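Data block below; observations after.
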Amino acid sequence: MHQFTKTLVTTALPYANGPVHLGHLAGVYLPADLYVRYKRLKGEDIIHIGGSDEHGVPITITAEKEGISPQDVVDRYHRMNHESFLKCGISFDYYGRTTSEAHHKTAQEFFTDIEQKGIFIRKSDKLFFDRKADRFLSDRYVTGTCPICNNAEANGDQCEQCGTHLSPLELINPKSKLSDGTPELRETMHWYFPLGRFQEKLENYVSQHEEDWRQNVVNYSRTWLKQGLKDRAITRDLGWGIKVPVESGEAAGKVLYVWFDAVLGYISFTREWAAEQGQSERWKEYWQNPQCRLVHFIGKDNVVFHTLMFPAILMAWNEGRQSGCYNLADNVPASEFMNFEGRKFSKSRNYAVYLGEFLEKFPADTLRYSIAMNYPENKDTDFSWQDFQNRTNGELADTLGNFIKRSVDFTNSRFEGEVPYACTPEEWSALGINWPETLEQLDLAYEGFHFREAATLGMDIARAANRFFTISEPWKVVKLDREAAAKTMALSLNLCHALSVALFPVIPETCNRIHAMLGFDGRIEELVRPGKSLLAELLSPGLNKGHKICPKSEILFSKIEESDIAPELAKIEGLLAEAVKREAGAEQNRMEFKPVISFDDFLKVDLRVAKVIAAETVKKATKLLKLQLQVGSVTKQVLAGIAKHYTPEEMIGKNVIIVANLADRSIRDDVSEGMILAVEGSDGKLFVIEPEGNEINGRQIQ
Ligand SMILES: [Zn+2]
């Protein structure tokens, strides 16, 4: 194994276009914080770098929707998310923004270096262009009718109703979201990153980590590698983002694609952090030092960006360099998803609990503990209010909180607020807790990214401590044998101290409160010294006889009452009902078919192209148009229910498709000699199907 002397942790940059929710916290930010805090306790040199991803199309769409600038949008969500993280105790060393000048410089530096090496490829493609807005339209700026489910408001990248991934070119009646007009196709040139050029190197890189990376991370990466890596566009036609640093006119109006720009944020923010420390070159000790371990915490939807694309960018930079080479990630602990009350979190459907909202109602540590115990390491897990209530009341309040309070209160009432006895190492190891083994297990759990085990080990110490206190019955024993009770209390206070260290990564605020109740000034964070492990203190009793504790105790955790979570449960019920309704609607649109007919039955239907030669409205039948159709040498009269959607003038001259062998039907004292084909959009508008090209009327449709 490689010996590392430093660690650099990065967390996926949350998109500054909305608030972060509990799913994000569970998958990325909390596990990273647990890891970082644990390693700091061990006295290791580690920094945690994060920040906001502030470029990309959804941000400009939000800005246009709200009539504000993209900068306003990212200012709002950057501040909101950063505040929520701080309130939740996520201990970033630096939390940057991709709109910073320094980041623009870094990203442009990378682009220029790789461009000068001739690695990028240029390709032209046809894209929708909005002439009124004088802009190319990215996928999300095009809307139209979904070819699969007829949803009239499908996006250019995906139909929200049926979930189908689309390209804007597949939409029926594409419209620009900017002007509502019909966009036209225009040629545009873009820079592409040839991922395939690094195929072999990336295969080797992934193979090297087959043993130490999580199975899902290896699998996702392998799937991509097997398909063969393709060129990926790294520029877009957009006004918001990092300008493509090329002097010639061909870069006009183009910015770097977010996937290329955002991952480089990790580097920019480390540089900004170093500058803030007054040691502007110090970032190199983390990025360009083979003794530094790079770890990316991400969700499973981001795996290939961190195991293939970002490494490929760094490989391109490193190519031909003797010094100033960047490290590739040593590990990418990607989480599975944490669901919420049995369903996926969904920002777009507002099915979520947002971090900021949550922390207005409940303390951060209760959330941190609950989520650590539900960490989605190898499979999706679930956050439920019931589980949250049970863990807070049963484990945090009744087990941990109760033990600490009893220990402090009893020492204050019976032993003048002093540790009344000098515990020996033998007594310490006779408590039923094997300290060396516990520490080893804690280390394996944290270093292996097994955060549920880590939190469980901490709570196991609390359970053992609570049991010890209860069995020892100091409140009875003190009346008969004061020395024995003194020993119990000294051991209990030492257990309180051990818990404040062992549980610190999971519930840091609570541990600082325990620390204060034990009579210490300052915070646990301030005791951390490079090369000195606070965890080693657990191997022997840490409090001396005579040590003064705080004369007052406090309740560490208030119980969560039914009435506290009832409104939350009611809210979910509403959200679930909405989701079910929406899904049922989508299902129906997609799935409901008429009974099966035989192929022979189908062949009986004679479909023909027909030309509308005359059209008129029908008196007292506001829905009907009377059409005269030329079908080859025959004229047919058809009454069609399309008057609300087409005027007679619009119909004249159109080529349509008719069922030519339908039995005559009399409608409103008139006769209809066929039927024309039309489709209904989800808003009820009918579209007559028009065969393209110069159709010859009368021709049979195969
Ligand atoms: Zn659809």
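How things are named: the first chain in the structure tokens is A, the next is B, and so on; residues count from 1 in each chain; ligands count from 1 in the order shown.
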
>> At a cut-off of 6 Å and counting only C-alpha atoms and all ligand atoms, what residues surround ligand 1? Please answer as a ChimeraX atom specification.
In response: /A:146,148-151,159,161-162,164

> What are the DSSP alpha helix (DSSP H) residues of region 27-201 of chain A, as a PyMOL selection string?
Replying inline: chain A and resi 30-41+57-66+70-87+101-116+199-201

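Across the model, the gap from CA of Met489 (chain A) to CA of Pro551 (chain A) is 15.0 Å.
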
>> Report as number ranges by chain all protein, DNA and RNA residues lying within 9 Å of region 204-217 of chain A, evaluated on only C-alpha atoms, omitting residues in the same chain fewer than 4 positions from it.
In response: A: 199-200, 221-222, 300, 303-304, 307-308, 311, 328, 330-336, 377-378, 448

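Backbone DSSP assigns strand (DSSP E) in region 204-285 of chain A to Asp231, Arg232, Ala233, Thr235, Arg236, Asp237, Lys254, Val255 and Leu256 of chain A.
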
Take the selection from the previous step and output its residues with N, CA and C atoms, as a PDB file, in the first residue's frame.
```
ATOM      1  N   ASP A 231     -15.763  10.892 -27.915  1.00  0.00           N
ATOM      2  CA  ASP A 231     -15.460  12.315 -27.804  1.00  0.00           C
ATOM      3  C   ASP A 231     -16.619  12.998 -27.087  1.00  0.00           C
ATOM      4  N   ARG A 232     -16.288  13.910 -26.198  1.00  0.00           N
ATOM      5  CA  ARG A 232     -17.354  14.639 -25.504  1.00  0.00           C
ATOM      6  C   ARG A 232     -17.156  16.133 -25.679  1.00  0.00           C
ATOM      7  N   ALA A 233     -18.235  16.820 -26.062  1.00  0.00           N
ATOM      8  CA  ALA A 233     -18.159  18.269 -26.246  1.00  0.00           C
ATOM      9  C   ALA A 233     -17.776  18.920 -24.924  1.00  0.00           C
ATOM     10  N   THR A 235     -17.482  22.489 -24.953  1.00  0.00           N
ATOM     11  CA  THR A 235     -17.912  23.885 -25.053  1.00  0.00           C
ATOM     12  C   THR A 235     -19.388  23.907 -25.436  1.00  0.00           C
ATOM     13  N   ARG A 236     -20.015  25.033 -25.168  1.00  0.00           N
ATOM     14  CA  ARG A 236     -21.426  25.207 -25.512  1.00  0.00           C
ATOM     15  C   ARG A 236     -21.648  26.648 -25.973  1.00  0.00           C
ATOM     16  N   ASP A 237     -22.745  26.831 -26.688  1.00  0.00           N
ATOM     17  CA  ASP A 237     -23.145  28.192 -27.059  1.00  0.00           C
ATOM     18  C   ASP A 237     -24.035  28.719 -25.953  1.00  0.00           C
ATOM     19  N   LYS A 254     -19.108  31.367 -26.925  1.00  0.00           N
ATOM     20  CA  LYS A 254     -18.987  29.995 -26.407  1.00  0.00           C
ATOM     21  C   LYS A 254     -18.367  29.990 -25.008  1.00  0.00           C
ATOM     22  N   VAL A 255     -18.877  29.075 -24.196  1.00  0.00           N
ATOM     23  CA  VAL A 255     -18.323  28.914 -22.849  1.00  0.00           C
ATOM     24  C   VAL A 255     -17.959  27.448 -22.643  1.00  0.00           C
ATOM     25  N   LEU A 256     -17.183  27.185 -21.601  1.00  0.00           N
ATOM     26  CA  LEU A 256     -16.821  25.809 -21.279  1.00  0.00           C
ATOM     27  C   LEU A 256     -18.054  25.080 -20.744  1.00  0.00           C
TER      28      LEU A 256
END
```

> Pick the closest to Phe198 (chain A) from A:Ala316, A:Ser248, A:Val142, A:Glu101: which is it, counting only C-alpha atoms?
Replying inline: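 Of A:Ala316, A:Ser248, A:Val142, A:Glu101, the one nearest Phe198 (chain A) is A:Ala316, counting only C-alpha atoms.
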
> Using only C-alpha atoms, which of the listed residues (A:Trp259, A:Phe110, A:Ala63, A:Gly196) sits closest to Gly228 (chain A)?
Replying inline: A:Gly196

>> Quick one: residues within 10 Å of region 387-404 of chain A, only C-alpha atoms, excluding same-chain residues fewer than 4 positions away - as a PyMOL selection string?
In response: chain A and resi 341+365-367+369-371+373-374+382-383+408-409+458-470+492-493+495-497+499-500+507+510+514+517-518+553-562+564-565

>> So, with only C-alpha atoms as the atoms that count, which of A:Leu86, A:Ala107, A:Ala430, A:Ala610 lies closest to Phe269 (chain A)?
In response: A:Ala107

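The coordinates place CA of Val609 (chain A) at 5.4 Å from CA of Arg699 (chain A).
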
> Distance CA of Phe120 (chain A)-CA of Asp157 (chain A), one decimal place?
Replying inline: 25.1 Å

Can you tell me which residues surround Leu439 (chain A) at a distance of at most 10 Å, considering only C-alpha atoms, apart from same-chain residues fewer than 2 positions away, and format the answer as a PDB file with C-alpha atoms, in the first residue's frame?
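Contents of the output file part_15.pdb:
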```pdb
ATOM      1  CA  ASN A 434     -11.924  -3.875  24.873  1.00  0.00           C
ATOM      2  CA  TRP A 435     -10.393  -0.481  24.133  1.00  0.00           C
ATOM      3  CA  PRO A 436      -7.558  -1.493  21.783  1.00  0.00           C
ATOM      4  CA  GLU A 437      -9.974  -3.615  19.770  1.00  0.00           C
ATOM      5  CA  GLN A 441     -12.499  -1.376  14.655  1.00  0.00           C
ATOM      6  CA  LEU A 442     -13.231   2.352  14.630  1.00  0.00           C
ATOM      7  CA  ASP A 443     -10.183   2.879  12.464  1.00  0.00           C
ATOM      8  CA  LEU A 444     -11.147   0.149  10.021  1.00  0.00           C
ATOM      9  CA  ALA A 445     -14.671   1.536   9.837  1.00  0.00           C
ATOM     10  CA  LEU A 457     -19.326   1.447  17.450  1.00  0.00           C
ATOM     11  CA  ALA A 502     -15.247   8.589  20.065  1.00  0.00           C
ATOM     12  CA  LEU A 535      -8.182   8.773  20.093  1.00  0.00           C
ATOM     13  CA  ALA A 536      -5.154   7.270  21.812  1.00  0.00           C
ATOM     14  CA  LEU A 538      -9.211   6.349  25.065  1.00  0.00           C
ATOM     15  CA  LEU A 539      -6.700   3.617  25.920  1.00  0.00           C
TER      16      LEU A 539
END
```

> Which of these residues is nearest to Lys379 (chain A), using only C-alpha atoms: A:Phe345, A:Gly674, A:Met338, A:Lys230?
Replying inline: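 Checking each candidate against Lys379 (chain A), we get A:Met338 as the closest.
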
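Compared by their closest atoms to Gln291 (chain A), and using only C-alpha atoms, the residues A:Leu8, A:Ile313, A:Leu127, A:Ala577 rank with A:Leu8 nearest.
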
>> Please list as a PyMOL selection string every residue within 12 Å of region 666-668 of chain A, counting only C-alpha atoms and excluding residues in the same chain fewer than 6 positions away.
In response: chain A and resi 618-626+637-641+674

Contact residues around region 48-59 of chain A with only C-alpha atoms at 8 Å, ignoring same-chain residues under 6 positions, as a CSV table (one decimal) with N, CA, C and O atoms, in the first residue's frame:
```csv
chain,number,residue,atom,x,y,z
A,8,LEU,N,-6.4,14.9,0.8
A,8,LEU,CA,-7.2,16.0,0.3
A,8,LEU,C,-8.6,15.4,0.0
A,8,LEU,O,-8.7,14.5,-0.8
A,9,VAL,N,-9.6,15.9,0.7
A,9,VAL,CA,-11.0,15.4,0.4
A,9,VAL,C,-11.7,16.5,-0.3
A,9,VAL,O,-11.7,17.7,0.0
A,10,THR,N,-12.4,16.0,-1.4
A,10,THR,CA,-13.3,17.0,-2.1
A,10,THR,C,-14.7,16.4,-2.0
A,10,THR,O,-14.9,15.2,-2.0
A,11,THR,N,-15.7,17.3,-2.0
A,11,THR,CA,-17.1,16.8,-2.1
A,11,THR,C,-17.7,17.4,-3.4
A,11,THR,O,-17.4,18.6,-3.7
A,12,ALA,N,-18.6,16.6,-4.0
A,12,ALA,CA,-19.3,17.1,-5.2
A,12,ALA,C,-19.8,18.5,-5.0
A,12,ALA,O,-20.4,18.8,-4.0
A,13,LEU,N,-19.6,19.3,-6.0
A,13,LEU,CA,-20.1,20.7,-5.9
A,13,LEU,C,-21.6,20.7,-6.1
A,13,LEU,O,-22.1,20.4,-7.2
A,14,PRO,N,-22.4,21.1,-5.1
A,14,PRO,CA,-23.8,21.2,-5.3
A,14,PRO,C,-24.2,22.3,-6.3
A,14,PRO,O,-23.5,23.3,-6.3
A,15,TYR,N,-25.2,22.1,-7.1
A,15,TYR,CA,-25.6,23.0,-8.1
A,15,TYR,C,-26.3,24.2,-7.5
A,15,TYR,O,-27.3,24.0,-6.7
A,16,ALA,N,-25.8,25.4,-7.7
A,16,ALA,CA,-26.4,26.6,-7.1
A,16,ALA,C,-27.7,27.0,-7.8
A,16,ALA,O,-27.8,28.1,-8.2
A,17,ASN,N,-28.6,26.1,-7.9
A,17,ASN,CA,-29.9,26.4,-8.5
A,17,ASN,C,-31.0,25.9,-7.7
A,17,ASN,O,-32.1,25.7,-8.1
A,36,VAL,N,-13.3,13.3,7.5
A,36,VAL,CA,-12.4,14.4,7.7
A,36,VAL,C,-12.2,14.6,9.2
A,36,VAL,O,-11.1,14.7,9.7
A,70,PRO,N,-28.5,35.6,-13.7
A,70,PRO,CA,-27.9,34.4,-13.2
A,70,PRO,C,-27.1,34.6,-12.0
A,70,PRO,O,-27.1,33.7,-11.1
A,73,VAL,N,-29.2,34.4,-9.0
A,73,VAL,CA,-29.6,33.0,-8.7
A,73,VAL,C,-28.5,32.3,-7.9
A,73,VAL,O,-28.8,31.8,-6.8
A,74,VAL,N,-27.3,32.4,-8.4
A,74,VAL,CA,-26.2,31.6,-7.7
A,74,VAL,C,-25.8,32.3,-6.4
A,74,VAL,O,-25.5,31.6,-5.5
A,78,HIS,N,-25.9,29.8,-3.3
A,78,HIS,CA,-24.6,29.6,-2.7
A,78,HIS,C,-24.6,29.9,-1.3
A,78,HIS,O,-24.2,29.1,-0.4
A,82,HIS,N,-24.4,27.1,1.7
A,82,HIS,CA,-23.2,27.2,2.5
A,82,HIS,C,-23.7,27.3,4.0
A,82,HIS,O,-23.1,26.6,4.9
A,91,SER,N,-17.6,20.5,8.1
A,91,SER,CA,-16.4,21.3,8.4
A,91,SER,C,-15.5,21.5,7.2
A,91,SER,O,-14.5,20.8,7.1
A,92,PHE,N,-16.0,22.3,6.2
A,92,PHE,CA,-15.1,22.6,5.1
A,92,PHE,C,-13.9,23.4,5.5
A,92,PHE,O,-14.0,24.3,6.3
A,93,ASP,N,-12.8,23.1,4.9
A,93,ASP,CA,-11.7,24.1,5.1
A,93,ASP,C,-11.8,25.2,4.1
A,93,ASP,O,-11.4,26.3,4.4
A,94,TYR,N,-12.5,25.0,3.0
A,94,TYR,CA,-12.8,26.1,2.1
A,94,TYR,C,-14.0,25.7,1.3
A,94,TYR,O,-14.2,24.6,0.9
A,95,TYR,N,-14.9,26.7,1.1
A,95,TYR,CA,-16.1,26.5,0.3
A,95,TYR,C,-16.2,27.6,-0.8
A,95,TYR,O,-16.5,28.7,-0.5
A,96,GLY,N,-15.8,27.2,-2.0
A,96,GLY,CA,-15.6,28.2,-3.0
A,96,GLY,C,-16.8,28.3,-4.0
A,96,GLY,O,-17.9,27.7,-3.7
A,97,ARG,N,-16.6,29.0,-5.1
A,97,ARG,CA,-17.7,29.2,-6.1
A,97,ARG,C,-17.0,29.2,-7.4
A,97,ARG,O,-16.0,29.8,-7.6
A,98,THR,N,-17.7,28.5,-8.4
A,98,THR,CA,-17.0,28.4,-9.7
A,98,THR,C,-17.2,29.7,-10.5
A,98,THR,O,-16.6,29.9,-11.6
A,99,THR,N,-17.9,30.7,-9.9
A,99,THR,CA,-17.9,32.0,-10.6
A,99,THR,C,-16.8,32.9,-10.2
A,99,THR,O,-16.6,34.0,-10.7
A,138,SER,N,-29.6,25.5,-26.1
A,138,SER,CA,-29.2,24.2,-25.5
A,138,SER,C,-30.5,23.4,-25.3
A,138,SER,O,-31.6,23.9,-25.3
A,140,ARG,N,-32.2,22.2,-23.1
A,140,ARG,CA,-33.2,22.5,-22.1
A,140,ARG,C,-34.0,23.8,-22.6
A,140,ARG,O,-35.0,24.1,-21.9
A,238,LEU,N,-23.5,29.5,-25.1
A,238,LEU,CA,-24.2,30.0,-24.0
A,238,LEU,C,-23.6,31.3,-23.5
A,238,LEU,O,-22.4,31.5,-23.6
A,240,TRP,N,-23.6,32.3,-20.3
A,240,TRP,CA,-23.3,32.3,-18.8
A,240,TRP,C,-22.3,31.1,-18.6
A,240,TRP,O,-22.6,30.0,-18.8
A,241,GLY,N,-21.1,31.5,-18.2
A,241,GLY,CA,-20.1,30.5,-18.0
A,241,GLY,C,-18.7,31.0,-18.2
A,241,GLY,O,-18.5,32.2,-18.2
A,257,TYR,N,-18.2,23.9,-21.2
A,257,TYR,CA,-19.3,23.0,-20.7
A,257,TYR,C,-19.1,22.7,-19.2
A,257,TYR,O,-17.9,22.5,-18.8
A,258,VAL,N,-20.2,22.7,-18.4
A,258,VAL,CA,-20.0,22.6,-17.0
A,258,VAL,C,-19.2,21.3,-16.5
A,258,VAL,O,-18.5,21.3,-15.5
A,262,ALA,N,-16.6,22.3,-13.8
A,262,ALA,CA,-16.9,22.1,-12.4
A,262,ALA,C,-15.9,21.3,-11.7
A,262,ALA,O,-15.4,21.7,-10.6
A,265,GLY,N,-13.0,22.9,-10.3
A,265,GLY,CA,-13.2,23.8,-9.2
A,265,GLY,C,-12.5,23.2,-7.9
A,265,GLY,O,-12.0,24.0,-7.1
A,266,TYR,N,-12.3,21.9,-7.8
A,266,TYR,CA,-11.6,21.4,-6.7
A,266,TYR,C,-10.2,22.0,-6.6
A,266,TYR,O,-9.7,22.3,-5.5
A,269,PHE,N,-10.4,25.9,-5.8
A,269,PHE,CA,-10.7,26.2,-4.5
A,269,PHE,C,-9.6,25.9,-3.5
A,269,PHE,O,-9.4,26.6,-2.5
A,270,THR,N,-8.8,24.9,-3.8
A,270,THR,CA,-7.6,24.6,-3.0
A,270,THR,C,-6.6,25.7,-3.1
A,270,THR,O,-6.0,26.1,-2.2
```
